[in-house]
Structure formats: C-alpha cells, structure tokens
file model_9.tsv (TSV, C-alpha atoms)
chain	number	residue	atom	x	y	z
W	261	MET	CA	10.66	-7.36	4.11
W	262	THR	CA	7.80	-8.90	5.98
W	263	ILE	CA	5.88	-9.69	2.88
W	264	PHE	CA	5.93	-13.45	2.82
W	265	GLU	CA	4.38	-15.33	5.64
W	266	PHE	CA	6.61	-18.00	7.00
W	267	LYS	CA	4.79	-21.26	7.53
W	268	PRO	CA	6.82	-23.92	9.31
W	269	GLU	CA	4.36	-26.64	8.33
W	270	ASP	CA	5.17	-25.94	4.67
W	271	GLN	CA	8.77	-26.87	5.29
W	272	ASP	CA	8.14	-30.58	5.69
W	273	HIS	CA	4.84	-31.45	4.15
W	274	HIS	CA	5.83	-35.03	3.48
W	275	GLY	CA	8.59	-37.43	4.33
W	276	ASP	CA	10.44	-37.63	1.00
W	277	ASP	CA	10.77	-33.91	0.74
W	278	HIS	CA	12.00	-33.60	4.26
W	279	HIS	CA	14.70	-36.12	3.59
W	280	GLY	CA	15.81	-34.16	0.55
W	281	ASP	CA	16.01	-30.95	2.55
W	282	ASP	CA	18.12	-32.59	5.22
W	283	HIS	CA	20.50	-33.76	2.59
W	284	HIS	CA	20.93	-30.23	1.33
W	285	GLY	CA	21.47	-28.89	4.77
W	286	ASP	CA	24.37	-31.33	5.20
W	287	HIS	CA	25.72	-30.44	1.82
W	288	HIS	CA	25.97	-26.80	2.77
W	289	HIS	CA	27.38	-27.52	6.13
W	290	GLY	CA	30.39	-28.95	4.36
W	291	ASP	CA	31.39	-26.03	2.15
W	292	HIS	CA	30.99	-22.38	2.87
W	293	HIS	CA	31.24	-21.06	-0.66
W	294	HIS	CA	28.48	-18.60	-1.42
W	295	GLY	CA	28.32	-19.59	-5.07
W	296	ASP	CA	27.58	-23.20	-4.22
W	297	ASP	CA	24.59	-22.21	-2.13
W	298	HIS	CA	22.72	-21.43	-5.27
W	299	HIS	CA	23.55	-24.79	-6.76
W	300	GLY	CA	21.89	-26.25	-3.74
W	301	ASP	CA	18.90	-24.09	-4.42
W	302	ASP	CA	18.66	-25.39	-7.95
W	303	HIS	CA	18.70	-28.91	-6.62
W	304	HIS	CA	16.02	-27.98	-4.19
W	305	GLY	CA	13.85	-26.89	-7.10
W	306	ASP	CA	14.58	-30.13	-8.95
W	307	ASP	CA	13.60	-32.15	-5.90
W	308	HIS	CA	10.21	-30.57	-6.01
W	309	HIS	CA	9.95	-31.32	-9.69
W	310	GLY	CA	10.61	-34.93	-8.92
W	311	ASP	CA	7.70	-35.43	-6.55
W	312	HIS	CA	5.48	-32.98	-8.29
W	313	HIS	CA	2.90	-35.62	-9.05
W	314	HIS	CA	2.44	-36.70	-5.48
W	315	SER	CA	1.78	-33.43	-3.73
W	316	ALA	CA	-0.58	-30.57	-4.45
W	317	CYS	CA	1.34	-28.01	-2.42
W	318	ALA	CA	4.83	-28.51	-3.84
W	319	HIS	CA	5.19	-25.91	-6.55
W	320	PRO	CA	8.77	-25.08	-7.48
W	321	GLU	CA	7.73	-21.78	-9.05
W	322	TYR	CA	6.20	-20.57	-5.86
W	323	GLU	CA	8.94	-22.08	-3.71
W	324	LEU	CA	11.45	-20.01	-5.68
W	325	LEU	CA	9.49	-16.87	-4.98
W	326	ASN	CA	9.18	-17.58	-1.27
W	327	ILE	CA	12.55	-16.12	-0.35
W	328	PHE	CA	12.16	-16.95	3.32
W	329	ASN	CA	12.19	-20.66	2.44
W	330	TRP	CA	15.44	-20.50	0.49
W	331	LYS	CA	17.95	-23.00	1.73
W	332	GLY	CA	21.62	-22.54	2.34
W	333	VAL	CA	21.73	-19.15	3.98
W	334	GLY	CA	24.42	-18.61	6.60
W	335	PRO	CA	26.90	-21.10	8.04
W	336	LYS	CA	24.20	-23.52	9.18
W	337	GLY	CA	22.57	-23.67	5.77
W	338	GLY	CA	19.11	-22.81	7.03
W	339	THR	CA	16.51	-20.53	5.52
W	340	VAL	CA	16.52	-16.75	5.54
W	341	HIS	CA	13.92	-16.95	8.26
W	342	THR	CA	15.97	-19.17	10.59
W	343	TYR	CA	19.10	-17.13	9.88
W	344	VAL	CA	17.38	-13.93	10.97
W	345	GLU	CA	15.89	-15.67	14.00
W	346	GLU	CA	19.32	-16.91	15.11
W	347	GLN	CA	20.92	-13.47	15.25
W	348	PRO	CA	21.39	-12.73	18.96
W	349	TRP	CA	22.26	-9.05	18.43
W	350	MET	CA	18.94	-8.33	16.70
W	351	PRO	CA	16.21	-6.94	18.95
W	352	ALA	CA	12.90	-8.73	18.60
W	353	PHE	CA	11.08	-5.80	17.07
W	354	TRP	CA	13.69	-5.64	14.30
W	355	LYS	CA	12.97	-9.13	13.01
W	356	CYS	CA	10.34	-9.56	10.34
W	357	SER	CA	8.90	-12.70	11.83
W	358	GLY	CA	7.10	-13.61	15.01
W	359	PRO	CA	3.80	-12.19	16.19
W	360	GLY	CA	2.42	-9.57	13.87
W	361	SER	CA	4.51	-10.43	10.85
W	362	ASP	CA	1.34	-11.03	8.86
W	363	PRO	CA	0.59	-7.77	7.00
W	364	MET	CA	-3.14	-8.36	7.38
W	365	GLY	CA	-2.97	-9.76	10.88
W	366	GLU	CA	-2.43	-8.36	14.34
W	367	ILE	CA	-0.40	-5.25	15.15
W	368	SER	CA	3.27	-5.70	14.41
W	369	MET	CA	6.03	-4.48	16.72
W	370	THR	CA	8.27	-3.83	13.70
W	371	MET	CA	5.69	-1.53	12.19
W	372	ALA	CA	5.13	0.33	15.45
W	373	PHE	CA	8.88	0.73	15.89
W	374	ASN	CA	9.30	2.13	12.37
W	375	THR	CA	6.32	4.43	12.81
W	376	PHE	CA	7.82	5.89	15.98
W	377	ILE	CA	11.18	6.46	14.29
W	378	VAL	CA	9.52	8.27	11.37
W	379	SER	CA	7.34	10.43	13.57
W	380	GLY	CA	10.34	11.30	15.74
W	381	ILE	CA	12.33	12.40	12.70
W	382	LEU	CA	9.42	14.46	11.37
W	383	ILE	CA	8.80	16.13	14.74
W	384	ALA	CA	12.50	16.98	15.08
W	385	LEU	CA	12.69	18.33	11.53
W	386	PHE	CA	9.65	20.59	11.75
W	387	LYS	CA	10.44	21.64	15.31
W	388	LYS	CA	13.82	22.81	14.09
W	389	GLY	CA	12.23	24.65	11.17
W	390	THR	CA	9.64	26.48	13.27
W	391	ARG	CA	11.39	27.02	16.61
W	392	LYS	CA	12.84	30.43	15.83
W	393	ILE	CA	10.98	32.12	12.98
W	394	GLU	CA	13.31	34.61	11.33
W	395	PHE	CA	12.81	37.10	8.55
W	396	LEU	CA	15.67	35.58	6.58
W	397	PRO	CA	14.98	31.86	6.95
W	398	GLY	CA	17.68	29.27	7.55
W	399	LYS	CA	17.73	25.94	5.75
W	400	ALA	CA	15.24	24.15	8.00
W	401	GLN	CA	12.86	27.09	8.14
W	402	ALA	CA	13.05	27.59	4.36
W	403	PHE	CA	12.21	23.92	3.85
W	404	ALA	CA	9.29	24.10	6.28
W	405	GLU	CA	7.96	27.25	4.63
W	406	ILE	CA	8.21	25.88	1.11
W	407	TRP	CA	6.65	22.58	2.21
W	408	VAL	CA	3.73	24.17	4.03
W	409	ASP	CA	3.02	26.83	1.42
W	410	GLY	CA	3.29	24.40	-1.48
W	411	LEU	CA	1.02	21.89	0.23
W	412	ARG	CA	-1.55	24.53	1.11
W	413	ASN	CA	-1.78	25.70	-2.51
W	414	PHE	CA	-1.96	22.09	-3.62
W	415	PHE	CA	-4.85	21.21	-1.29
W	416	ALA	CA	-6.64	24.41	-2.29
W	417	SER	CA	-6.99	22.97	-5.80
W	418	PHE	CA	-8.87	19.93	-4.40
W	419	GLY	CA	-10.93	21.04	-1.44
W	420	GLY	CA	-11.08	24.78	-1.94
W	421	GLU	CA	-9.23	27.67	-0.33
W	422	TYR	CA	-11.33	27.62	2.84
W	423	VAL	CA	-10.78	23.95	3.74
W	424	ALA	CA	-7.11	23.99	2.74
W	425	THR	CA	-6.38	26.98	4.99
W	426	LYS	CA	-8.52	26.16	7.98
W	427	TYR	CA	-7.80	22.44	8.20
W	428	PHE	CA	-4.23	22.52	6.95
W	429	GLY	CA	-3.07	20.98	10.20
W	430	LEU	CA	-4.91	17.72	9.57
W	431	LEU	CA	-4.27	17.53	5.83
W	432	GLY	CA	-0.64	18.59	5.89
W	433	ALA	CA	0.19	16.23	8.75
W	434	TYR	CA	-1.55	13.40	6.93
W	435	PHE	CA	0.32	14.03	3.70
W	436	THR	CA	3.74	14.45	5.29
W	437	PHE	CA	3.35	11.45	7.56
W	438	ILE	CA	1.99	9.08	4.91
W	439	LEU	CA	4.59	10.12	2.36
W	440	SER	CA	7.40	9.58	4.87
W	441	LEU	CA	6.02	6.21	5.94
W	442	ASN	CA	5.65	5.09	2.31
W	443	LEU	CA	9.19	6.08	1.38
W	444	TRP	CA	10.67	4.75	4.63
W	445	GLY	CA	10.59	1.17	3.38
W	446	ILE	CA	12.96	2.01	0.52
W	447	ILE	CA	15.81	2.54	3.01
W	448	PRO	CA	17.48	-0.86	3.46
W	449	GLY	CA	16.83	-2.38	6.86
W	450	PHE	CA	13.56	-0.59	7.48
W	451	HIS	CA	9.97	-1.49	6.68
W	452	SER	CA	7.13	0.66	5.41
W	453	PRO	CA	4.58	0.78	8.21
W	454	THR	CA	1.92	1.45	5.59
W	455	ALA	CA	2.54	-2.07	4.25
W	456	ASN	CA	0.52	-3.27	7.25
W	457	ILE	CA	-3.25	-3.08	7.29
W	458	ASN	CA	-3.39	-1.85	10.90
W	459	THR	CA	-1.55	1.39	10.10
W	460	THR	CA	-3.63	2.26	7.06
W	461	LEU	CA	-6.91	1.26	8.71
W	462	ALA	CA	-6.09	3.61	11.58
W	463	PHE	CA	-5.38	6.39	9.08
W	464	GLY	CA	-8.65	5.74	7.26
W	465	ILE	CA	-10.79	5.61	10.40
W	466	VAL	CA	-9.22	8.74	11.88
W	467	GLY	CA	-9.51	10.61	8.58
W	468	VAL	CA	-13.19	9.84	8.01
W	469	ILE	CA	-14.14	10.49	11.65
W	470	ALA	CA	-12.23	13.78	11.50
W	471	SER	CA	-14.13	14.76	8.37
W	472	LEU	CA	-17.44	13.88	10.10
W	473	VAL	CA	-16.53	15.91	13.21
W	474	ILE	CA	-15.50	18.86	11.06
W	475	GLY	CA	-18.76	18.55	9.16
W	476	LEU	CA	-20.75	18.54	12.42
W	477	LYS	CA	-18.88	21.62	13.59
W	478	GLU	CA	-19.16	23.48	10.30
W	479	SER	CA	-22.72	22.83	9.17
W	480	GLY	CA	-24.46	20.88	11.96
W	481	LEU	CA	-26.11	17.47	12.11
W	482	LYS	CA	-29.36	18.72	10.55
W	483	HIS	CA	-27.64	20.04	7.47
W	484	ILE	CA	-25.54	16.89	7.04
W	485	ILE	CA	-28.58	14.60	7.24
W	486	ASP	CA	-30.49	16.89	4.92
W	487	HIS	CA	-27.59	16.74	2.50
W	488	TRP	CA	-27.40	12.94	2.75
W	489	MET	CA	-31.14	12.59	2.09
W	490	GLY	CA	-30.87	14.58	-1.12
W	491	GLU	CA	-32.29	17.80	0.42
W	492	PRO	CA	-36.01	16.94	0.27
W	493	GLU	CA	-38.58	19.73	0.46
W	494	PRO	CA	-42.06	19.72	2.06
W	495	GLY	CA	-44.05	19.49	-1.19
W	496	ASP	CA	-42.15	16.53	-2.65
W	497	SER	CA	-43.77	13.46	-4.19
W	498	LEU	CA	-44.01	10.16	-2.28
W	499	ALA	CA	-41.35	8.52	-4.43
W	500	LYS	CA	-38.85	11.20	-3.58
W	501	VAL	CA	-39.60	10.95	0.15
W	502	ILE	CA	-39.11	7.16	0.08
W	503	GLY	CA	-35.92	7.66	-1.88
W	504	ALA	CA	-34.70	10.13	0.74
W	505	ILE	CA	-35.40	7.67	3.56
W	506	LEU	CA	-33.60	4.90	1.66
W	507	LEU	CA	-30.64	7.17	0.95
W	508	LEU	CA	-29.87	7.81	4.61
W	509	PRO	CA	-28.66	4.30	5.59
W	510	LEU	CA	-26.82	4.09	2.28
W	511	GLU	CA	-24.86	7.22	3.11
W	512	ILE	CA	-24.12	5.98	6.62
W	513	VAL	CA	-22.76	2.74	5.19
W	514	ALA	CA	-20.81	4.82	2.69
W	515	GLN	CA	-18.86	6.39	5.55
W	516	PHE	CA	-17.61	2.95	6.59
W	517	ALA	CA	-16.90	2.11	2.96
W	518	ARG	CA	-14.81	5.27	2.77
W	519	MET	CA	-12.70	4.17	5.73
W	520	ILE	CA	-12.12	0.71	4.28
W	521	SER	CA	-11.43	1.88	0.76
W	522	LEU	CA	-8.98	4.54	1.95
W	523	ALA	CA	-7.18	1.95	4.07
W	524	LEU	CA	-7.11	-0.80	1.45
W	525	ARG	CA	-5.99	1.52	-1.35
W	526	LEU	CA	-2.95	2.73	0.56
W	527	PHE	CA	-2.15	-0.70	2.01
W	528	GLY	CA	-2.54	-2.48	-1.31
W	529	ASN	CA	-0.32	-0.09	-3.19
W	530	ILE	CA	2.55	-0.15	-0.74
W	531	TYR	CA	2.30	-3.86	0.09
W	532	GLY	CA	1.87	-4.78	-3.56
W	533	GLY	CA	4.87	-2.64	-4.44
W	534	ASP	CA	6.91	-4.43	-1.80
W	535	VAL	CA	5.86	-7.84	-3.11
W	536	VAL	CA	6.67	-6.91	-6.70
W	537	LEU	CA	10.06	-5.56	-5.60
W	538	ALA	CA	10.80	-8.78	-3.73
W	539	VAL	CA	9.78	-10.89	-6.71
W	540	PHE	CA	12.06	-8.88	-8.97
W	541	VAL	CA	14.96	-9.15	-6.53
W	542	VAL	CA	14.51	-12.94	-6.41
W	543	LEU	CA	14.26	-13.07	-10.20
W	544	LEU	CA	17.45	-11.03	-10.37
W	545	ALA	CA	19.20	-13.41	-7.98
W	546	ASP	CA	18.04	-16.36	-10.07
W	547	ILE	CA	19.44	-14.77	-13.23
W	548	ALA	CA	22.61	-13.66	-11.45
W	549	VAL	CA	23.56	-17.21	-10.41
W	550	LYS	CA	23.09	-18.41	-14.00
W	551	ILE	CA	25.08	-15.73	-15.83
W	552	TRP	CA	27.27	-14.62	-12.90
W	553	ILE	CA	26.47	-10.95	-13.49
W	554	PRO	CA	24.19	-9.16	-11.03
W	555	LEU	CA	21.71	-6.95	-12.86
W	556	PRO	CA	19.70	-4.23	-11.08
W	557	LEU	CA	16.42	-5.51	-12.52
W	558	GLN	CA	14.34	-4.06	-9.70
W	559	LEU	CA	15.38	-0.45	-10.44
W	560	PRO	CA	12.48	0.41	-12.79
W	561	VAL	CA	10.07	-1.21	-10.34
W	562	LEU	CA	11.66	0.78	-7.52
W	563	LEU	CA	11.09	4.02	-9.46
W	564	LEU	CA	7.48	2.98	-10.05
W	565	HIS	CA	7.16	2.21	-6.33
W	566	ILE	CA	8.44	5.68	-5.40
W	567	LEU	CA	5.98	7.23	-7.86
W	568	ALA	CA	3.13	5.15	-6.42
W	569	SER	CA	4.14	6.12	-2.88
W	570	VAL	CA	3.90	9.83	-3.70
W	571	ILE	CA	0.66	9.42	-5.65
W	572	GLN	CA	-0.99	7.39	-2.87
W	573	ALA	CA	-0.04	10.02	-0.27
W	574	ILE	CA	-1.54	12.68	-2.56
W	575	VAL	CA	-4.68	10.65	-3.22
W	576	PHE	CA	-5.29	9.82	0.45
W	577	THR	CA	-5.02	13.46	1.51
W	578	ALA	CA	-6.91	14.79	-1.48
W	579	LEU	CA	-9.79	12.40	-0.80
W	580	ILE	CA	-9.98	13.48	2.84
W	581	SER	CA	-9.96	17.14	1.79
W	582	VAL	CA	-12.73	16.38	-0.71
W	583	TYR	CA	-14.75	14.66	2.05
W	584	ILE	CA	-14.26	17.64	4.36
W	585	SER	CA	-15.19	20.14	1.67
W	586	GLY	CA	-18.28	18.06	0.91
W	587	PHE	CA	-19.41	18.61	4.49
W	588	CYS	CA	-18.46	22.31	4.37
W	589	SER	CA	-20.13	23.02	1.02
W	590	HIS	CA	-22.36	25.57	2.72
W	591	HIS	CA	-19.42	27.72	3.79
W	592	HIS	CA	-17.61	27.30	0.55
W	593	ASP	CA	-20.55	28.58	-1.48
W	594	GLU	CA	-20.86	31.64	0.76
W	595	GLU	CA	-17.22	32.45	0.31
W	596	HIS	CA	-17.60	31.99	-3.41
W	597	ASP	CA	-20.51	34.43	-3.48
W	598	HIS	CA	-18.58	37.02	-1.51
W	599	LYS	CA	-15.75	36.96	-4.01
W	600	HIS	CA	-17.91	37.80	-6.98
P	249	MET	CA	-8.28	-29.25	-8.79
P	250	ILE	CA	-5.30	-31.25	-10.07
P	251	PHE	CA	-4.94	-32.82	-13.50
P	252	GLY	CA	-2.89	-35.80	-14.55
P	253	ASP	CA	0.33	-33.90	-15.23
P	254	GLY	CA	0.24	-32.33	-11.78
P	255	VAL	CA	-1.18	-29.10	-13.21
P	256	ASN	CA	-3.15	-27.36	-10.53
P	257	ILE	CA	-5.71	-25.08	-12.08
P	258	ASP	CA	-6.40	-23.45	-8.74
P	259	PHE	CA	-3.53	-21.18	-9.67
P	260	LEU	CA	-5.61	-19.98	-12.59
P	261	ALA	CA	-7.84	-18.35	-9.96
P	262	ILE	CA	-4.88	-16.36	-8.67
P	263	ALA	CA	-3.98	-15.22	-12.15
P	264	LEU	CA	-7.55	-14.27	-12.98
P	265	ALA	CA	-8.07	-12.53	-9.64
P	266	PHE	CA	-5.31	-10.17	-10.61
P	267	ALA	CA	-5.73	-10.06	-14.39
P	268	VAL	CA	-9.44	-9.27	-14.70
P	269	PRO	CA	-9.50	-6.27	-12.31
P	270	ALA	CA	-6.21	-5.05	-13.77
P	271	ALA	CA	-7.62	-5.14	-17.30
P	272	ALA	CA	-10.82	-3.38	-16.25
P	273	ALA	CA	-8.93	-0.76	-14.25
P	274	ALA	CA	-6.56	-0.14	-17.14
P	275	MET	CA	-9.46	0.30	-19.56
P	276	SER	CA	-11.30	2.76	-17.35
P	277	GLN	CA	-8.14	4.66	-16.50
P	278	GLY	CA	-7.32	4.89	-20.17
P	279	LYS	CA	-10.71	6.41	-20.84
P	280	ALA	CA	-10.26	8.99	-18.08
P	281	ILE	CA	-6.72	9.87	-19.14
P	282	SER	CA	-7.64	10.25	-22.81
P	283	ALA	CA	-10.57	12.52	-21.95
P	284	ALA	CA	-8.45	14.60	-19.58
P	285	TRP	CA	-5.65	15.01	-22.09
P	286	ASP	CA	-8.15	15.95	-24.79
P	287	GLY	CA	-9.37	18.66	-22.48
P	288	MET	CA	-5.83	19.78	-21.70
P	289	ALA	CA	-4.96	19.98	-25.40
P	290	ARG	CA	-8.03	22.06	-26.10
P	291	GLN	CA	-7.52	24.38	-23.15
P	292	PRO	CA	-3.91	24.33	-21.95
P	293	GLU	CA	-4.63	27.11	-19.45
P	294	VAL	CA	-6.75	24.81	-17.23
P	295	SER	CA	-4.40	21.85	-17.46
P	296	ASP	CA	-3.20	22.30	-13.85
P	297	SER	CA	-6.72	22.03	-12.50
P	298	ILE	CA	-7.56	19.06	-14.75
P	299	GLY	CA	-4.35	17.26	-13.83
P	300	GLY	CA	-5.04	17.49	-10.12
P	301	LYS	CA	-8.57	16.20	-10.50
P	302	LEU	CA	-7.35	13.47	-12.85
P	303	VAL	CA	-5.07	12.09	-10.12
P	304	ILE	CA	-8.02	11.80	-7.73
P	305	ALA	CA	-10.25	10.28	-10.36
P	306	LEU	CA	-7.59	7.73	-11.28
P	307	ALA	CA	-7.43	6.60	-7.65
P	308	PHE	CA	-10.85	4.92	-7.81
P	309	PRO	CA	-10.23	2.44	-10.66
P	310	GLU	CA	-6.72	2.00	-9.31
P	311	ALA	CA	-8.16	0.93	-5.97
P	312	LEU	CA	-10.24	-1.79	-7.62
P	313	GLY	CA	-7.20	-3.09	-9.44
P	314	ILE	CA	-5.31	-3.11	-6.17
P	315	PHE	CA	-8.11	-5.05	-4.47
P	316	GLY	CA	-7.63	-7.69	-7.16
P	317	LEU	CA	-3.89	-7.76	-6.45
P	318	LEU	CA	-4.56	-8.16	-2.72
P	319	LEU	CA	-6.99	-10.96	-3.41
P	320	ALA	CA	-4.42	-12.68	-5.61
P	321	ILE	CA	-1.77	-12.42	-2.89
P	322	MET	CA	-4.15	-13.73	-0.26
P	323	LEU	CA	-5.16	-16.64	-2.50
P	324	MET	CA	-1.50	-17.39	-3.11
P	325	GLY	CA	-0.98	-17.65	0.64
P	326	LYS	CA	-3.99	-19.97	0.94
P	327	LEU	CA	-3.29	-22.30	-1.99
P	328	SER	CA	0.42	-22.90	-1.77

call {"tool": "encode", "arguments": {"input": "model_9.tsv", "output": "structure tokens"}}
result
Amino acid sequence: MTIFEFKPEDQDHHGDDHHGDDHHGDHHHGDHHHGDDHHGDDHHGDDHHGDHHHSACAHPEYELLNIFNWKGVGPKGGTVHTYVEEQPWMPAFWKCSGPGSDPMGEISMTMAFNTFIVSGILIALFKKGTRKIEFLPGKAQAFAEIWVDGLRNFFASFGGEYVATKYFGLLGAYFTFILSLNLWGIIPGFHSPTANINTTLAFGIVGVIASLVIGLKESGLKHIIDHWMGEPEPGDSLAKVIGAILLLPLEIVAQFARMISLALRLFGNIYGGDVVLAVFVVLLADIAVKIWIPLPLQLPVLLLHILASVIQAIVFTALISVYISGFCSHHHDEEHDHKH
Amino acid sequence: MIFGDGVNIDFLAIALAFAVPAAAAAMSQGKAISAAWDGMARQPEVSDSIGGKLVIALAFPEALGIFGLLLAIMLMGKLS
C-alpha cells in the first residue's frame, strides 16, 4: 500500500537514535530467524521511549504504525521500504515509493498502471459480452445484460427515466469503472487507483463538465442561467433582482465545489479505508508476535471497506445523475406531463 | 507544544480533527436514518424509493466526516 509517505530524514533525526538503529541492523544481520525480527522491533520501540524527552518527533506509537519504517525486514535487516526498493525483478511502476507515491501529490505511475489494467479487463469483459448478441445469451452476454439493465433501473430511481436511459453510457461507465477501481485494491499486490487524489479529481472534473455540457445541450445557456438566478420575472422587487444577481456567482462557484467534493469524498473513503486496514494489519502483527497466534483482525474492517467501496461508487454516480437531471428538469417535467 | 513528561498535545489536534467531524456526521446521519426508517415503517411500499434517496443524502454528512479524517491524516504526516 502506498499509504504512508516514506521520509528518509525521519530515519535519523538525531545521533543517539541513529546509533541505536545501526545496532539493530547488525543484530539482524547475524540471525535470520523471522521471530527474532519482532524482538528487534520491540527494542526499537523501547529505544524511542528512552530518548522520548529529548525529541519532539520520536513517538513510538506512531513509529509502530509507520510500517514502512519497520526494521529487520529481509536478509539485510532494512525497512520495508528499502527491501522493496532493493528488489531487482520489480518494475519501477510496481513499487509503492518514488515519484508520485504521495496520495495527494503528483501523478503516480503505480496508479496509472493499475488504472490501465482495470480498464483493459473491463473493456475485454464487456466486448466479449456484446460482440455477438444472441437470443439465448451466453455467460458473458447474460452478465452484461443483467448489469446494464439493473444499473439503468437503479439510475432511473435517482435521476429519472429520461436521464437514466439517454445518458446511460456516461453513468454506467462511471459506476462500473469506479466500482472496479475501488475493489481492485483488495486484491493483494495491487493498489486502488482511487486512493490517489489525481484519479478522483479527474473523475470529478469530467463528471461535472459532462453534466454542464449535457445541460447546455438539453436546455440551453439561457435556461441554465435563468435557473441559477432563481428564475426572476420582469415585475420582481429590487431585493429579488439583487438576490438573483448575487446567486449567479454563487452557483458558478458551486460547480467547482461539486468537482472538489465529489473528488474528495471518493478519495477520502478509499484512502481512509486503506489506512485503517493497514493500521489493523499492523495491530494484528503486534498482537501476533506477543501471543504467537495470527488473528485476522482486519476482516471486519475489510468487509466495511468493501461496503464503502460499493456505496461510494453508487453515491458518485447518483450525484452526477442528479446534477444532470437538475439541468434537464425542463425535459423531465414534459415527459411527466405526457404520462398523466 | 510539549509538556514536561514529553507529552505533545499537538497530537490532540489530530484526534480532534477526526473526532469532532465524525461526531457531527454521526449525529446528522442518525437523524436522517431515523426519519427515513420511520417513513419506511409507515409506508413499506415506498421503502425502495426512500432507501435510494437515503444513500445519496447520507453521502453529504459522510463527506464532511471524511474531510476530517483526511485532515487528521495530513496533520499526522506534518507533525510526526
């Protein structure tokens, strides 16, 4: 997981500590027992307790949680980070560190790599399901039909029948892609690309701009601005006219707020879930070395993470369909009138 | 800020940055859920429609709680 930033300067913040670390490195170089590694880790924690008074940044509780700074991993007794870095067979984009490992920083190669794998799998799956449409569907076609029909009915309950049918391409692709990306990180060895702000910000910007373009196409700029200004009429009072003029910039800012809130909601849920999972795994390892029984403590959190992944995919798509149907309210009302 | 025993109360900021939004989000979500389930119990035939809208409505307080979590994580990266 790429969730903890690795900071080399944290490794040796002062001389005493550095000396202690070196000692541990030597200790592990001597014996290769896995069990003893954890003893070394305990000592490491105690070391920090010892010079707790001198340094503001040495906090054993946090050091324990920072799994990339754990000592005694691999034959050289380094940290998880250095162990991963030393693997010659690992391609650069597979490693969690290096440029772009910060989930709120620049674009990460790992995330791009995972995104391309997921989109390739999805394209292959749905291509297979829709290549030869038969009356009696095969497995792939049956899956594609159930998926598309179920999703369409689902979106119809949020944004109305008209939006769900006409813009199913956008909404269905969004839902399928986000759900796959969210659940991708559960597979060991892969990372959720939605645990990086760049991915989710791209989704948010594209979604809101798509809803604006659809609104322009459906009801026109004049109608949108009229709608944003609270639909003022010629004989209105001065207060209402001023209110309408003040509402316009507010609504324009609200579009940017929509992008950011969509992005941060998805990012925060998936990234937060990853962090909580990592914390529970570390907690589990800490308990396991004490009682010598590994307990799957992270399982309930993992279930919660899967639930949150599905719910966030639903919420993201439902919000975009609500935004689109807000811009197409004109059409929707007409359709409603025709039915009755 | 560090006290005599080496207790750094800056970490209180991390805890509060998560705890206060989480408490507020939980309270508002509880209100929404209780109202929605009241409505579902009164009219079970519209419970599908209410449930779908409830999920969207829960996303907004949830987002604020998540912003608090993000802030806490970012502060943790800064302070330690």

call {"tool": "atom_distance", "arguments": {"input": "model_9.tsv", "atom1": "CA of Leu264 in chain P", "atom2": "CA of Ala320 in chain P"}}
result
8.2 Å

call {"tool": "residues_around", "arguments": {"input": "model_9.tsv", "residues": "Ala271 in chain P", "least_positions_apart": "5", "cutoff": "12 Å", "atoms": "all atoms listed in the file", "output": "list in words"}}
result
Ala263, Leu264, Ala265, Phe266, Ser276, Gln277, Gly278, Pro309, Glu310, Leu312, Gly313, Ile314, Gly316 and Leu317 of chain P

call {"tool": "atom_distance", "arguments": {"input": "model_9.tsv", "atom1": "CA of Asp486 in chain W", "atom2": "CA of Leu510 in chain W"}}
result
13.6 Å

call {"tool": "closest_residue", "arguments": {"input": "model_9.tsv", "among": "W:Ala462, W:Leu537, W:Val473, W:Leu579", "to": "chain P", "atoms": "only C-alpha atoms"}}
result
W:Leu579

call {"tool": "atom_distance", "arguments": {"input": "model_9.tsv", "atom1": "CA of Ile505 in chain W", "atom2": "CA of Ala517 in chain W"}}
result
19.3 Å

call {"tool": "interface_residues", "arguments": {"input": "model_9.tsv", "of": "chain P", "to": "chain W", "cutoff": "6 Å", "atoms": "all atoms listed in the file", "output": "number ranges by chain"}}
result
P: 254, 304, 311, 314, 328

call {"tool": "residues_around", "arguments": {"input": "model_9.tsv", "residues": "range 283-286 of chain P", "least_positions_apart": "6", "cutoff": "9 Å", "atoms": "all atoms listed in the file", "output": "PyMOL selection string"}}
result
chain P and resi 295+298-299+302

call {"tool": "residues_near_point", "arguments": {"input": "model_9.tsv", "point": "(5.5, 3.9, -8.9)", "cutoff": "12 Å", "atoms": "only C-alpha atoms", "output": "list in words"}}
result
Asn442, Leu443, Asn529, Ile530, Gly532, Gly533, Asp534, Val536, Leu537, Gln558, Leu559, Pro560, Val561, Leu562, Leu563, Leu564, His565, Ile566, Leu567, Ala568, Ser569, Val570, Ile571, Gln572 and Ala573 of chain W

call {"tool": "decode", "arguments": {"input": "model_9.tsv", "residues": "range 263-274 of chain P", "atoms": "N, CA and C atoms", "output": "mmCIF file, in the first residue's frame"}}
result
data_model
loop_
_atom_site.group_PDB
_atom_site.id
_atom_site.type_symbol
_atom_site.label_atom_id
_atom_site.label_comp_id
_atom_site.auth_asym_id
_atom_site.auth_seq_id
_atom_site.Cartn_x
_atom_site.Cartn_y
_atom_site.Cartn_z
ATOM 1 N N ALA P 263 -6.437 14.148 16.881
ATOM 2 C CA ALA P 263 -7.584 13.419 17.404
ATOM 3 C C ALA P 263 -8.858 14.228 17.233
ATOM 4 N N LEU P 264 -8.777 15.534 17.543
ATOM 5 C CA LEU P 264 -9.977 16.363 17.448
ATOM 6 C C LEU P 264 -10.385 16.557 15.993
ATOM 7 N N ALA P 265 -9.387 16.667 15.097
ATOM 8 C CA ALA P 265 -9.713 16.881 13.691
ATOM 9 C C ALA P 265 -10.496 15.712 13.139
ATOM 10 N N PHE P 266 -10.281 14.535 13.698
ATOM 11 C CA PHE P 266 -11.122 13.426 13.262
ATOM 12 C C PHE P 266 -12.387 13.303 14.096
ATOM 13 N N ALA P 267 -12.262 13.509 15.420
ATOM 14 C CA ALA P 267 -13.369 13.169 16.314
ATOM 15 C C ALA P 267 -14.553 14.117 16.171
ATOM 16 N N VAL P 268 -14.284 15.415 16.037
ATOM 17 C CA VAL P 268 -15.399 16.371 16.014
ATOM 18 C C VAL P 268 -16.242 16.200 14.746
ATOM 19 N N PRO P 269 -15.641 16.168 13.536
ATOM 20 C CA PRO P 269 -16.463 15.923 12.352
ATOM 21 C C PRO P 269 -17.138 14.561 12.379
ATOM 22 N N ALA P 270 -16.470 13.554 12.942
ATOM 23 C CA ALA P 270 -17.079 12.227 12.985
ATOM 24 C C ALA P 270 -18.317 12.246 13.863
ATOM 25 N N ALA P 271 -18.228 12.939 15.017
ATOM 26 C CA ALA P 271 -19.378 13.003 15.909
ATOM 27 C C ALA P 271 -20.530 13.754 15.250
ATOM 28 N N ALA P 272 -20.202 14.872 14.609
ATOM 29 C CA ALA P 272 -21.256 15.663 13.963
ATOM 30 C C ALA P 272 -21.888 14.890 12.814
ATOM 31 N N ALA P 273 -21.048 14.204 12.015
ATOM 32 C CA ALA P 273 -21.573 13.434 10.897
ATOM 33 C C ALA P 273 -22.441 12.298 11.402
ATOM 34 N N ALA P 274 -22.016 11.653 12.478
ATOM 35 C CA ALA P 274 -22.796 10.545 13.018
ATOM 36 C C ALA P 274 -24.144 11.031 13.518
#
